[in-house]
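Coordinates from protein20.txt are shown below (compact mmCIF, C-alpha atoms).
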# COMPACT_ATOMS: atom_id res chain seq x y z
CA MET A 1 -2.76 11.05 5.03
CA GLY A 2 -0.59 12.70 2.41
CA THR A 3 -3.30 15.18 1.27
CA VAL A 4 -4.27 18.62 2.61
CA ILE A 5 -7.87 18.40 3.84
CA TYR A 6 -9.79 21.49 4.93
CA CYS A 7 -11.46 20.75 8.27
CA GLU A 8 -14.34 22.67 9.84
CA THR A 9 -15.08 20.22 12.66
CA LYS A 10 -13.02 19.64 15.80
CA GLU A 11 -9.63 18.01 15.32
CA ALA A 12 -8.95 15.19 17.77
CA THR A 13 -5.74 15.08 19.80
CA THR A 14 -5.86 11.27 19.66
CA PRO A 15 -6.35 9.75 16.20
CA TYR A 16 -8.59 6.90 15.16
CA ILE A 17 -6.56 4.22 13.41
CA PHE A 18 -7.97 1.98 10.70
CA THR A 19 -6.21 -1.19 11.82
CA ASN A 20 -6.07 -2.88 8.42
CA THR A 21 -4.09 -0.05 6.81
CA ARG A 22 -2.70 1.65 9.96
CA ILE A 23 -3.93 4.99 8.64
CA ALA A 24 -4.52 7.52 11.41
CA VAL A 25 -7.25 10.14 11.05
CA TYR A 26 -7.73 13.14 13.32
CA SER A 27 -10.94 14.70 12.06
CA TYR A 28 -14.38 13.94 10.68
CA GLU A 29 -13.29 15.26 7.29
CA GLU A 30 -10.32 12.89 7.19
CA VAL A 31 -12.60 9.96 7.99
CA CYS A 32 -14.87 10.89 5.10
CA TYR A 33 -11.95 11.36 2.71
CA TYR A 34 -10.45 7.98 3.67
CA ILE A 35 -13.76 6.16 3.18
CA PHE A 36 -14.52 7.92 -0.10
CA HIS A 37 -11.17 7.02 -1.63
CA ASN A 38 -10.78 3.50 -0.22
CA PRO A 39 -14.24 1.88 -0.29
CA SER A 40 -12.87 -1.61 -1.00
CA LEU A 41 -10.98 -1.50 2.32
CA VAL A 42 -13.88 -0.22 4.43
CA THR A 43 -16.21 -2.59 6.28
CA MET A 44 -18.32 -2.39 9.43
CA GLU A 45 -15.47 -4.15 11.23
CA TYR A 46 -13.48 -0.90 11.20
CA LEU A 47 -16.42 1.43 11.99
CA GLY A 48 -17.76 -0.32 15.06
CA ARG A 49 -18.04 0.61 18.73
CA ASP A 50 -14.48 1.84 19.12
CA PHE A 51 -15.00 4.18 16.17
CA VAL A 52 -18.32 5.46 17.56
CA GLU A 53 -16.70 6.10 20.94
CA TRP A 54 -13.91 8.04 19.23
CA VAL A 55 -16.47 10.14 17.32
CA SER A 56 -18.25 10.90 20.57
CA GLU A 57 -15.31 11.51 22.88
CA LYS A 58 -12.52 12.81 20.64
CA LEU A 59 -14.46 14.63 17.92
CA GLU A 60 -17.22 15.64 20.35
CA MET A 61 -19.87 14.86 17.72
CA LYS A 62 -22.30 13.43 20.25
CA GLU A 63 -25.40 13.48 18.06
CA LEU A 64 -23.65 11.65 15.20
CA ALA A 65 -22.24 9.10 17.63
CA GLU A 66 -25.71 8.40 19.02
CA GLN A 67 -27.07 7.88 15.51
CA LEU A 68 -24.26 5.53 14.61
CA GLN A 69 -24.64 3.59 17.87
CA GLU A 70 -28.33 3.11 17.18
CA LEU A 71 -27.55 1.81 13.68
CA LEU A 72 -25.01 -0.62 15.13
CA GLU A 73 -27.60 -1.98 17.52
CA GLN A 74 -30.00 -2.45 14.61
CA ASP A 75 -27.33 -4.36 12.69
CA THR A 76 -27.89 -2.02 9.76
CA SER A 77 -26.27 -2.31 6.33
CA LEU A 78 -22.95 -0.68 5.50
CA PHE A 79 -24.65 1.64 3.01
CA ASP A 80 -27.18 2.95 5.55
CA TYR A 81 -24.42 3.43 8.08
CA LEU A 82 -22.15 5.28 5.66
CA GLU A 83 -24.99 7.48 4.46
CA VAL A 84 -25.51 8.83 7.98
CA LEU A 85 -21.79 9.17 8.58
CA LEU A 86 -20.82 10.82 5.31
CA LEU A 87 -23.70 13.32 5.26
CA ALA A 88 -23.43 14.37 8.90
CA ALA A 89 -21.43 17.55 8.28
CA ASN A 90 -21.82 18.18 4.55
CA TYR A 91 -18.22 17.36 3.65
CA TYR A 92 -19.62 15.44 0.67
CA SER A 93 -22.88 16.22 -1.06
CA LYS A 94 -25.76 13.77 -1.46
CA ASP A 95 -24.92 13.42 -5.14
CA GLU A 96 -21.29 12.60 -4.35
CA VAL A 97 -22.30 10.00 -1.79
CA ALA A 98 -24.79 8.52 -4.25
CA LEU A 99 -21.98 8.17 -6.82
CA LEU A 100 -19.79 6.51 -4.20
CA PHE A 101 -22.52 3.98 -3.39
CA GLU A 102 -23.03 3.31 -7.08
CA ARG A 103 -19.32 2.61 -7.43
CA MET A 104 -19.34 0.36 -4.36
CA LYS A 105 -22.32 -1.61 -5.65
CA THR A 106 -20.66 -1.99 -9.03
CA GLU A 107 -17.50 -3.30 -7.36
CA ALA A 108 -19.57 -5.65 -5.20
CA SER A 109 -21.10 -7.16 -8.35
CA LEU A 110 -17.68 -7.93 -9.82
CA PRO A 111 -16.35 -11.50 -9.81
CA LYS A 112 -14.75 -12.37 -6.49
CA VAL A 113 -11.28 -12.47 -8.01
CA LEU A 114 -11.59 -8.83 -9.15
CA GLN A 115 -12.84 -7.78 -5.72
CA LEU A 116 -9.80 -9.44 -4.16
CA LYS A 117 -7.51 -7.64 -6.60
CA LYS A 118 -8.95 -4.27 -5.57
CA GLN A 119 -8.32 -5.11 -1.92
CA ALA A 120 -4.77 -6.27 -2.60
CA ASP A 121 -4.00 -3.23 -4.73
CA GLY A 122 -5.35 -1.02 -1.95
CA PHE A 123 -3.01 -2.61 0.60
CA LEU A 124 -0.14 -2.26 -1.86
CA ASP A 125 -0.88 1.47 -2.19
CA PHE A 126 -0.77 1.78 1.61
CA GLN A 127 2.55 -0.11 1.72
CA LYS A 128 1.02 -3.07 3.56
CA TYR A 129 3.02 -5.51 1.51
CA VAL A 130 2.50 -8.68 3.54
CA ARG A 131 -1.28 -8.29 3.44
CA ALA A 132 -1.19 -7.57 -0.28
CA ILE A 133 1.01 -10.59 -0.99
CA ARG A 134 -1.36 -12.91 0.86
CA ILE A 135 -4.32 -11.76 -1.21
CA TYR A 136 -2.37 -11.97 -4.48
CA ASP A 137 -1.48 -15.56 -3.52
CA THR A 138 -5.17 -16.32 -3.02
CA ILE A 139 -5.90 -14.94 -6.49
CA LEU A 140 -3.03 -16.88 -8.05
CA SER A 141 -4.44 -20.12 -6.62
CA GLN A 142 -7.29 -19.80 -9.13
CA GLU A 143 -6.78 -22.39 -11.88
CA SER A 144 -8.28 -20.26 -14.68
CA LEU A 145 -5.83 -17.39 -14.29
CA GLU A 146 -4.01 -16.54 -17.52
CA GLY A 147 -3.01 -13.81 -19.98
CA GLU A 148 -2.94 -10.12 -19.14
CA PHE A 149 -4.84 -10.48 -15.85
CA ALA A 150 -2.45 -13.17 -14.60
CA SER A 151 0.46 -10.95 -15.64
CA THR A 152 -0.95 -8.04 -13.64
CA ILE A 153 -1.34 -10.14 -10.50
CA TYR A 154 2.17 -11.58 -10.77
CA HIS A 155 3.57 -8.11 -11.44
CA ASN A 156 1.82 -6.48 -8.48
CA LYS A 157 2.89 -9.32 -6.20
CA GLY A 158 6.44 -8.81 -7.45
CA VAL A 159 6.23 -5.12 -6.56
CA ALA A 160 5.08 -5.98 -3.04
CA LEU A 161 7.82 -8.58 -2.61
CA SER A 162 10.57 -6.30 -3.90
CA ARG A 163 9.50 -3.51 -1.56
CA ASN A 164 9.58 -6.03 1.26
CA PHE A 165 13.20 -6.91 0.33
CA GLU A 166 12.29 -10.41 -0.91
CA LEU A 167 14.20 -9.99 -4.15
CA GLN A 168 14.51 -13.60 -5.33
CA GLN A 169 10.76 -14.19 -5.00
CA ALA A 170 10.05 -10.83 -6.63
CA LEU A 171 12.30 -11.78 -9.54
CA LYS A 172 10.30 -14.96 -10.15
CA CYS A 173 7.04 -13.02 -10.09
CA PHE A 174 8.26 -10.50 -12.66
CA GLU A 175 9.45 -13.36 -14.85
CA ASN A 176 6.02 -15.00 -14.58
CA ALA A 177 4.34 -11.68 -15.35
CA TYR A 178 6.37 -11.18 -18.50
CA GLU A 179 5.89 -14.75 -19.68
CA ALA A 180 2.13 -14.61 -19.09
CA TYR A 181 1.80 -11.37 -21.06
CA PRO A 182 5.00 -9.80 -22.45
CA ASN A 183 5.27 -6.14 -21.47
CA GLU A 184 8.19 -3.80 -20.93
CA VAL A 185 7.12 -2.75 -17.42
CA SER A 186 7.43 -6.28 -16.02
CA LEU A 187 10.57 -6.84 -18.06
CA GLY A 188 12.11 -3.69 -16.63
CA CYS A 189 11.32 -4.76 -13.07
CA CYS A 190 12.72 -8.22 -13.74
CA LEU A 191 16.03 -6.90 -15.05
CA THR A 192 16.17 -4.25 -12.31
CA ILE A 193 16.25 -7.00 -9.68
CA TYR A 194 19.38 -8.37 -11.33
CA PHE A 195 20.88 -4.87 -11.46
CA MET A 196 20.11 -4.36 -7.76
CA MET A 197 21.93 -7.61 -6.97
CA GLN A 198 24.90 -6.40 -9.06
CA ASP A 199 24.41 -9.33 -11.43
CA LEU A 200 24.79 -7.80 -14.88
CA ASP A 201 25.69 -11.16 -16.41
CA GLY A 202 22.49 -12.65 -15.03
CA ALA A 203 20.48 -9.72 -16.35
CA LYS A 204 21.98 -10.11 -19.81
CA GLN A 205 21.33 -13.86 -19.83
CA GLU A 206 17.74 -13.34 -18.70
CA ALA A 207 17.17 -10.74 -21.42
CA GLU A 208 18.50 -13.19 -24.01
CA ARG A 209 16.34 -15.99 -22.63
CA LEU A 210 13.26 -13.80 -22.94
CA GLY A 211 14.19 -12.69 -26.45
CA VAL A 212 14.73 -9.05 -25.55
CA GLU A 213 16.40 -6.85 -28.14
CA ASN A 214 19.76 -5.36 -27.11
CA ALA A 215 18.51 -1.79 -27.57
CA VAL A 216 15.66 -2.43 -25.11
CA TYR A 217 18.06 -4.00 -22.63
CA GLU A 218 20.43 -1.03 -22.82
CA ARG A 219 17.59 1.44 -22.31
CA ILE A 220 16.36 -0.38 -19.20
CA LEU A 221 19.90 -0.50 -17.83
CA SER A 222 20.34 3.23 -18.46
CA ASP A 223 17.04 4.00 -16.69
CA TYR A 224 18.15 1.96 -13.69
CA GLN A 225 21.50 3.72 -13.47
CA ARG A 226 19.78 7.11 -13.43
CA SER A 227 17.37 6.00 -10.70
CA GLU A 228 20.27 4.60 -8.65
CA GLU A 229 21.95 8.00 -8.74
CA GLY A 230 18.79 9.48 -7.26
CA TYR A 231 18.59 6.83 -4.54
CA GLU A 232 22.10 7.74 -3.40
CA GLN A 233 20.63 11.02 -2.10
CA THR A 234 18.03 9.36 0.16
CA ASP A 235 18.35 9.39 3.95
CA ALA A 236 18.52 5.58 4.18
CA TYR A 237 21.35 5.34 1.65
CA LEU A 238 23.29 8.18 3.27
CA GLU A 239 22.93 6.60 6.71
CA PHE A 240 24.15 3.26 5.38
CA SER A 241 27.10 4.98 3.67
CA ARG A 242 28.01 6.73 6.94
CA ALA A 243 27.91 3.39 8.74
CA GLN A 244 30.28 1.93 6.16
CA GLU A 245 32.59 4.92 6.56
CA ASP A 246 32.57 4.60 10.37
CA ALA A 247 33.48 0.93 10.11
CA ARG A 248 36.26 1.70 7.63
CA TYR A 249 37.89 4.14 10.10
CA GLY A 250 37.56 1.92 13.15
CA GLN A 251 34.38 3.47 14.59
CA GLU A 252 32.63 0.14 14.98
CA LYS A 253 30.27 1.31 17.73
CA ASN A 254 29.03 4.25 15.68
CA ALA A 255 28.62 1.98 12.64
CA ALA A 256 26.63 -0.54 14.68
CA LYS A 257 24.35 2.20 16.03
CA ARG A 258 23.63 3.51 12.54
CA LEU A 259 22.89 0.04 11.17
CA ASP A 260 20.74 -0.81 14.20
CA LYS A 261 18.69 2.33 13.61
CA LEU A 262 18.07 1.33 10.00
CA ILE A 263 17.19 -2.25 10.92
CA GLN A 264 14.81 -1.16 13.69
CA GLY A 265 13.04 1.10 11.22
CA TRP A 266 12.66 -1.77 8.76
CA LYS A 267 11.39 -4.06 11.54
CA GLU A 268 8.82 -1.49 12.61
CA ASP A 269 7.63 -1.17 9.01
CA TYR A 270 7.23 -4.95 8.87
CA ARG A 271 5.32 -5.06 12.17
CA THR A 272 2.81 -2.46 10.98
CA GLN A 273 2.23 -4.57 7.85
CA THR A 274 1.43 -7.75 9.77
CA THR A 275 -0.84 -6.38 12.53
Before we go any further, please render this structure as structure tokens.
Amino acid sequence: MGTVIYCETKEATTPYIFTNTRIAVYSYEEVCYYIFHNPSLVTMEYLGRDFVEWVSEKLEMKELAEQLQELLEQDTSLFDYLEVLLLAANYYSKDEVALLFERMKTEASLPKVLQLKKQADGFLDFQKYVRAIRIYDTILSQESLEGEFASTIYHNKGVALSRNFELQQALKCFENAYEAYPNEVSLGCCLTIYFMMQDLDGAKQEAERLGVENAVYERILSDYQRSEEGYEQTDAYLEFSRAQEDARYGQEKNAAKRLDKLIQGWKEDYRTQTT
């Protein structure tokens, strides 16, 4: 999960996977940590019978599993269910759980559009770009969207699209974000798309269209060039460079294997986003 979590309970050999984010957890403590830090993505749908069975069989927490099963049969509320789950082994204190519930209730009282944003942002954080994009589209269908909030939604959708290699659509989102509420972050992302496509003329024309000062443009370009130098050290870039080198020296089969490996990895990433 990207964080070191101290576990006192049994660690399962088979993980439980939260299907909406594809996050795998191996212990009771990891379950609690995931729920505590992602409440907007947690519903009874992902804590049902399969989860209870995993708690019973893989974590060997039979008593907790029986309690949770009974609550499921009673069609209890999410808060009652989480209270039993989160306090079962004292990973979080009662006060901490009470604060979590207070935060969840506050979020539940927010306008629907803000609740959707939290969900979309959560999926974006977990690199589930397709799911995030769909929710951002739902938000953007609202007629009253404008100003800074509209800019944020367009910007975040642009981030998801760019990370999903949909650069032309991402470019339009960053343009919309900047026009809805001018800010240098969205501007930088907008121009970066042009830089990534090796279209410096297009970037310069876009900057002029948006009324960007030359000094700002040059700073953004310089930042991009530094980041590009860092990207050249990544495994994906090095593998692509090796494929190009193989092709250049007549090793077409080796080049094809390298490219196929990269493409299969990208496909697998996409599949995990859409399940």
For this session: Just the residues within 12 Å of Glu148 (chain A), please, counting only C-alpha atoms, with nothing from its chain fewer than 6 positions along; format it as a list in words.
Result: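 So the residues in contact are Tyr154, His155, Asn176, Ala177, Tyr178, Glu179, Ala180, Tyr181, Pro182, Asn183 and Ser186 of chain A.
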Exercise. Mind pulling up the distance from CA of Ser56 (chain A) to CA of Leu100 (chain A)?
Worked result: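 Computed distance, CA of Leu100 (chain A) to CA of Ser56 (chain A), equals 25.2 Å.
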Exercise. Hey, can you pull every residue with an atom no more than 10 Å from (-24.3, 13.3, 0.7), using all atoms listed in the file, and send it as a count of residues only?
Worked result: 19
Exercise. Any idea what's packed within 12 Å of Tyr81 (chain A), counting all atoms listed in the file, ignoring anything in its chain fewer than 3 positions away? Could you give it as a ChimeraX atom specification?
Worked result: /A:42-44,47-48,52,64-65,67-78,84-88,101
For this session: Mind checking which residues fall within 10 Å of Leu124 (chain A), counting all atoms listed in the file, ignoring those fewer than 3 positions away in the same chain, and posting them as a PyMOL selection string?
Result: chain A and resi 21+118-121+127-133+156-157+159-160+163
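When CA of Ala12 (chain A) is paired with CA of Trp54 (chain A), their separation reads 8.8 Å.
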Problem set entry | Length of the CA of Asp223 (chain A) to CA of Glu166 (chain A) vector [Å] | 21.9 Å
Output region 241-252 of chain A with all heavy atoms present, as an mmCIF file, in the frame of the given file.
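The result, stored in rebuild05.cif:
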data_model
loop_
_atom_site.group_PDB
_atom_site.id
_atom_site.type_symbol
_atom_site.label_atom_id
_atom_site.label_comp_id
_atom_site.auth_asym_id
_atom_site.auth_seq_id
_atom_site.Cartn_x
_atom_site.Cartn_y
_atom_site.Cartn_z
ATOM 1 N N SER A 241 25.757 4.592 4.109
ATOM 2 C CA SER A 241 27.100 4.980 3.670
ATOM 3 C C SER A 241 27.930 5.482 4.845
ATOM 4 O O SER A 241 29.131 5.189 4.954
ATOM 5 C CB SER A 241 27.003 6.073 2.599
ATOM 6 O OG SER A 241 26.329 5.596 1.458
ATOM 7 N N ARG A 242 27.284 6.234 5.762
ATOM 8 C CA ARG A 242 28.010 6.730 6.940
ATOM 9 C C ARG A 242 28.429 5.573 7.837
ATOM 10 O O ARG A 242 29.521 5.602 8.435
ATOM 11 C CB ARG A 242 27.124 7.711 7.709
ATOM 12 C CG ARG A 242 26.846 9.021 6.966
ATOM 13 C CD ARG A 242 26.075 9.996 7.821
ATOM 14 N NE ARG A 242 25.663 11.169 7.058
ATOM 15 C CZ ARG A 242 24.405 11.454 6.758
ATOM 16 N NH1 ARG A 242 23.432 10.653 7.150
ATOM 17 N NH2 ARG A 242 24.119 12.538 6.061
ATOM 18 N N ALA A 243 27.563 4.560 7.933
ATOM 19 C CA ALA A 243 27.910 3.390 8.740
ATOM 20 C C ALA A 243 29.123 2.677 8.144
ATOM 21 O O ALA A 243 30.028 2.248 8.881
ATOM 22 C CB ALA A 243 26.717 2.434 8.810
ATOM 23 N N GLN A 244 29.137 2.554 6.826
ATOM 24 C CA GLN A 244 30.280 1.930 6.160
ATOM 25 C C GLN A 244 31.557 2.734 6.401
ATOM 26 O O GLN A 244 32.632 2.170 6.639
ATOM 27 C CB GLN A 244 30.015 1.806 4.666
ATOM 28 C CG GLN A 244 28.980 0.753 4.288
ATOM 29 C CD GLN A 244 28.800 0.648 2.790
ATOM 30 O OE1 GLN A 244 28.612 1.642 2.100
ATOM 31 N NE2 GLN A 244 28.867 -0.568 2.268
ATOM 32 N N GLU A 245 31.432 4.059 6.349
ATOM 33 C CA GLU A 245 32.590 4.920 6.560
ATOM 34 C C GLU A 245 33.101 4.814 7.995
ATOM 35 O O GLU A 245 34.313 4.740 8.238
ATOM 36 C CB GLU A 245 32.233 6.371 6.236
ATOM 37 C CG GLU A 245 33.410 7.317 6.295
ATOM 38 C CD GLU A 245 33.040 8.720 5.849
ATOM 39 O OE1 GLU A 245 31.925 8.886 5.308
ATOM 40 O OE2 GLU A 245 33.861 9.633 6.038
ATOM 41 N N ASP A 246 32.175 4.769 8.971
ATOM 42 C CA ASP A 246 32.570 4.600 10.370
ATOM 43 C C ASP A 246 33.339 3.303 10.565
ATOM 44 O O ASP A 246 34.375 3.262 11.252
ATOM 45 C CB ASP A 246 31.327 4.605 11.277
ATOM 46 C CG ASP A 246 30.746 5.996 11.461
ATOM 47 O OD1 ASP A 246 31.463 6.976 11.199
ATOM 48 O OD2 ASP A 246 29.563 6.092 11.852
ATOM 49 N N ALA A 247 32.828 2.236 9.975
ATOM 50 C CA ALA A 247 33.480 0.930 10.110
ATOM 51 C C ALA A 247 34.872 0.954 9.470
ATOM 52 O O ALA A 247 35.822 0.359 9.999
ATOM 53 C CB ALA A 247 32.621 -0.154 9.472
ATOM 54 N N ARG A 248 34.982 1.642 8.347
ATOM 55 C CA ARG A 248 36.260 1.700 7.630
ATOM 56 C C ARG A 248 37.337 2.400 8.469
ATOM 57 O O ARG A 248 38.520 2.077 8.388
ATOM 58 C CB ARG A 248 36.064 2.434 6.299
ATOM 59 C CG ARG A 248 37.280 2.377 5.376
ATOM 60 C CD ARG A 248 37.014 3.111 4.062
ATOM 61 N NE ARG A 248 35.841 2.590 3.377
ATOM 62 C CZ ARG A 248 34.735 3.280 3.144
ATOM 63 N NH1 ARG A 248 34.649 4.548 3.548
ATOM 64 N NH2 ARG A 248 33.709 2.735 2.516
ATOM 65 N N TYR A 249 36.928 3.383 9.302
ATOM 66 C CA TYR A 249 37.890 4.140 10.100
ATOM 67 C C TYR A 249 37.913 3.705 11.564
ATOM 68 O O TYR A 249 38.317 4.458 12.441
ATOM 69 C CB TYR A 249 37.584 5.641 10.003
ATOM 70 C CG TYR A 249 37.906 6.211 8.641
ATOM 71 C CD1 TYR A 249 36.909 6.410 7.694
ATOM 72 C CD2 TYR A 249 39.232 6.520 8.294
ATOM 73 C CE1 TYR A 249 37.207 6.913 6.433
ATOM 74 C CE2 TYR A 249 39.537 7.029 7.035
ATOM 75 C CZ TYR A 249 38.519 7.219 6.116
ATOM 76 O OH TYR A 249 38.825 7.717 4.876
ATOM 77 N N GLY A 250 37.434 2.488 11.815
ATOM 78 C CA GLY A 250 37.560 1.920 13.150
ATOM 79 C C GLY A 250 36.511 2.354 14.154
ATOM 80 O O GLY A 250 36.619 2.057 15.349
ATOM 81 N N GLN A 251 35.452 3.030 13.695
ATOM 82 C CA GLN A 251 34.380 3.470 14.590
ATOM 83 C C GLN A 251 33.246 2.444 14.578
ATOM 84 O O GLN A 251 32.115 2.719 14.156
ATOM 85 C CB GLN A 251 33.873 4.852 14.161
ATOM 86 C CG GLN A 251 34.931 5.926 14.127
ATOM 87 C CD GLN A 251 35.468 6.237 15.513
ATOM 88 O OE1 GLN A 251 34.709 6.258 16.486
ATOM 89 N NE2 GLN A 251 36.775 6.452 15.609
ATOM 90 N N GLU A 252 33.586 1.239 15.063
ATOM 91 C CA GLU A 252 32.630 0.140 14.980
ATOM 92 C C GLU A 252 31.341 0.417 15.756
ATOM 93 O O GLU A 252 30.247 0.045 15.322
ATOM 94 C CB GLU A 252 33.260 -1.162 15.472
ATOM 95 C CG GLU A 252 34.278 -1.774 14.524
ATOM 96 C CD GLU A 252 35.662 -1.145 14.693
ATOM 97 O OE1 GLU A 252 35.811 -0.291 15.583
ATOM 98 O OE2 GLU A 252 36.568 -1.536 13.934
#
